[in-house]
Amino acid sequence: MLKKFTIAFTGLTLCLGAYYYVGHNKESKRIGLFDRKNPYSRKPASLPIRREVVQKEVKKEVKVETLDVAKSRLAKIKDCYTQKCNISSNDSREYDLSVGQSLKKELFSLYEQTLRNEVIDDRITEIGIEYLGVSDGHVKEAALLLLSTQEPSQEALNAITENVLDYHDANLIGLALMELEKYKTGEFDVVIKDSFIKNFKKGSLLVKEALAKGIYKFVNEENRNDYGEILRSLPKNSKVRKNLKATLDRYDYNTRL
């Protein structure tokens with residue numbers, strides 16, 4: 001009798017041990033899964049995995065704010081440049097800066113919604129083009145970001161070259177060049193090259209310096225000599241010449257590899 005009891009007790013102990021081990025092992029694997037995730041997107045460890053998947057699926061169904069409503073709100077703010085709005089300011093310059101900041105905020109909000117929901121819509125391109133035309137660097141920056149979510153177009157390219165590259169704000173050049181990378185095809189290459197050369201001849205000094213430093217990805221076999229001619233026309237000790245020479249030397253070195 002005692003022997004049977006001992007065997008039964010041992011069997012029960014083994015079953016409980018196995019149950020605990022399997023359960024503990026599953027929990028360890030589950031926690032390990034969350035630990036390997038990006039900490040900025042990590043869910044609480046107590047959240048069931050299935051529920052996380054459902055939440056992601058629902059999030060994909062969220063629609064971007066009605067574009068007509070966003071466009072109307074932007075237009076109302078833009079009208080404040082020509083119509084006096086209830087904006088606290090000490091002078092006209094501060095007033096214009098406040099209007100620009102409001103436009104930037106609205107455009108950036110639309111950009112985030114568009115990016116999050118992967119929206120492709122011609123109306124977004126139209127909004128981006130329109131607000132590139134505002135003479136405020138902060139507004140242009142937000143408009144460029146908005147255009148970066150959409151497919152390339154001739155109209156958008158023209159707006160970037162005319163309202164950003166031809167503008168005097170060198171801080172926008174880096175972002176503009178990033179956006180222009182998606183236009184590096186035979187169809188658009190000539191427009192981009194002509195815009196660069198035009199700015200090397202007539203652009204503001206700081207814009208020319210930024211372009212000379214940043215156009216490496218746009219130099220190719222077809223336009224290398226054009227940029228070489230620009231280099232030879234620049235003052236020898238100028239920063240523009242130094243930057244452009246470094247860019248062309250880098251291109252020449254890599255083509256010899």
# chains A, B, ... in the order shown; residues from 1 in each chain; ligands from 1
>>> residues_around(residues="Gln101 in chain A", least_positions_apart="6", cutoff="12 Å", atoms="only C-alpha atoms", output="list in words")
Leu74, Ile77, Lys78, Ile87, Glu94, Tyr95, Leu107, Phe108, Val134, Asp136, Gly137, His138, Val139, Lys140, Glu141 and Ala142 of chain A
>>> write_last_selection(atoms="N, CA, C and O atoms", output="short mmCIF file (atom, residue, chain, number, x, y, z; two decimals), in the first residue's frame")
data_model
loop_
_atom_site.label_atom_id
_atom_site.label_comp_id
_atom_site.auth_asym_id
_atom_site.auth_seq_id
_atom_site.Cartn_x
_atom_site.Cartn_y
_atom_site.Cartn_z
N LEU A 74 -6.31 75.55 -43.84
CA LEU A 74 -5.05 76.16 -44.27
C LEU A 74 -5.29 77.48 -45.01
O LEU A 74 -4.59 78.47 -44.78
N ILE A 77 -6.07 80.31 -42.64
CA ILE A 77 -4.87 80.86 -41.99
C ILE A 77 -4.05 81.68 -42.98
O ILE A 77 -3.56 82.77 -42.65
N LYS A 78 -3.91 81.19 -44.20
CA LYS A 78 -3.13 81.89 -45.21
C LYS A 78 -3.73 83.27 -45.50
O LYS A 78 -2.99 84.24 -45.77
N ILE A 87 -4.49 87.83 -34.03
CA ILE A 87 -3.21 87.23 -33.66
C ILE A 87 -2.41 88.27 -32.89
O ILE A 87 -2.16 89.38 -33.37
N GLU A 94 6.38 90.30 -36.62
CA GLU A 94 5.99 89.28 -35.66
C GLU A 94 4.65 88.66 -36.03
O GLU A 94 4.44 87.45 -35.86
N TYR A 95 3.77 89.46 -36.57
CA TYR A 95 2.46 88.98 -37.02
C TYR A 95 2.63 87.94 -38.14
O TYR A 95 2.06 86.85 -38.09
N LEU A 107 0.25 72.14 -41.61
CA LEU A 107 0.85 71.33 -42.66
C LEU A 107 1.55 70.10 -42.08
O LEU A 107 1.47 69.00 -42.63
N PHE A 108 2.23 70.29 -40.97
CA PHE A 108 2.93 69.16 -40.35
C PHE A 108 1.94 68.13 -39.82
O PHE A 108 2.19 66.93 -39.89
N VAL A 134 4.75 80.09 -50.33
CA VAL A 134 4.70 81.06 -49.22
C VAL A 134 6.13 81.45 -48.85
O VAL A 134 7.00 80.60 -48.68
N ASP A 136 8.05 81.92 -46.44
CA ASP A 136 8.40 81.64 -45.05
C ASP A 136 9.10 80.28 -45.04
O ASP A 136 8.52 79.28 -45.45
N GLY A 137 10.35 80.26 -44.58
CA GLY A 137 11.12 79.02 -44.62
C GLY A 137 10.49 77.88 -43.85
O GLY A 137 10.58 76.72 -44.26
N HIS A 138 9.83 78.19 -42.73
CA HIS A 138 9.19 77.15 -41.92
C HIS A 138 8.01 76.52 -42.67
O HIS A 138 7.79 75.30 -42.60
N VAL A 139 7.26 77.34 -43.38
CA VAL A 139 6.13 76.84 -44.16
C VAL A 139 6.65 75.98 -45.32
O VAL A 139 6.11 74.91 -45.61
N LYS A 140 7.70 76.45 -45.98
CA LYS A 140 8.28 75.68 -47.09
C LYS A 140 8.78 74.32 -46.61
O LYS A 140 8.64 73.31 -47.30
N GLU A 141 9.38 74.29 -45.43
CA GLU A 141 9.89 73.04 -44.88
C GLU A 141 8.76 72.03 -44.70
O GLU A 141 8.87 70.86 -45.09
N ALA A 142 7.64 72.47 -44.10
CA ALA A 142 6.50 71.57 -43.89
C ALA A 142 5.89 71.14 -45.22
O ALA A 142 5.45 69.99 -45.37
#
>>> residues_around(residues="Asp79 in chain A", least_positions_apart="3", cutoff="12 Å", atoms="only C-alpha atoms", output="PyMOL selection string")
chain A and resi 72-76+82-85+96+99-100+102-103+134
>>> closest_residue(among="A:Leu244, A:Leu97, A:Ala210, A:Ala159", to="Cys80 in chain A", atoms="only C-alpha atoms")
A:Leu97
>>> closest_residue(among="A:Lys105, A:Lys182, A:Lys193, A:Arg116", to="Asn223 in chain A", atoms="only C-alpha atoms")
A:Lys193
>>> select_by_dssp(residues="range 56-122 of chain A", states="helix (DSSP H, G or I)", output="PyMOL selection string")
chain A and resi 56-60+67-81+92-117+122
>>> residues_around(residues="Lys198 in chain A", least_positions_apart="2", cutoff="12 Å", atoms="only C-alpha atoms", output="list in words")
Thr161, Glu162, Leu165, Asp166, Val190, Val191, Ile192, Lys193, Asp194, Ser195, Phe196, Phe200, Lys201, Lys202, Gly203, Ser204, Val207, Lys208, Leu211, Asp226, Tyr227 and Ile230 of chain A
>>> closest_residue(among="A:Leu147, A:Val240, A:Val219, A:Leu180", to="Asn199 in chain A", atoms="only C-alpha atoms")
A:Val240
>>> atom_distance(atom1="CA of Asp169 in chain A", atom2="CA of Leu205 in chain A")
10.2 Å
>>> residues_around(residues="Thr255 in chain A", least_positions_apart="6", cutoff="12 Å", atoms="only C-alpha atoms", output="count of residues only")
6
>>> closest_residue(among="A:Ser98, A:Asn158, A:Asn86, A:Thr66", to="Val119 in chain A", atoms="only C-alpha atoms")
A:Thr66
>>> closest_residue(among="A:Gln154, A:Ser148, A:Ser89, A:Asn117", to="Leu177 in chain A", atoms="only C-alpha atoms")
A:Ser148
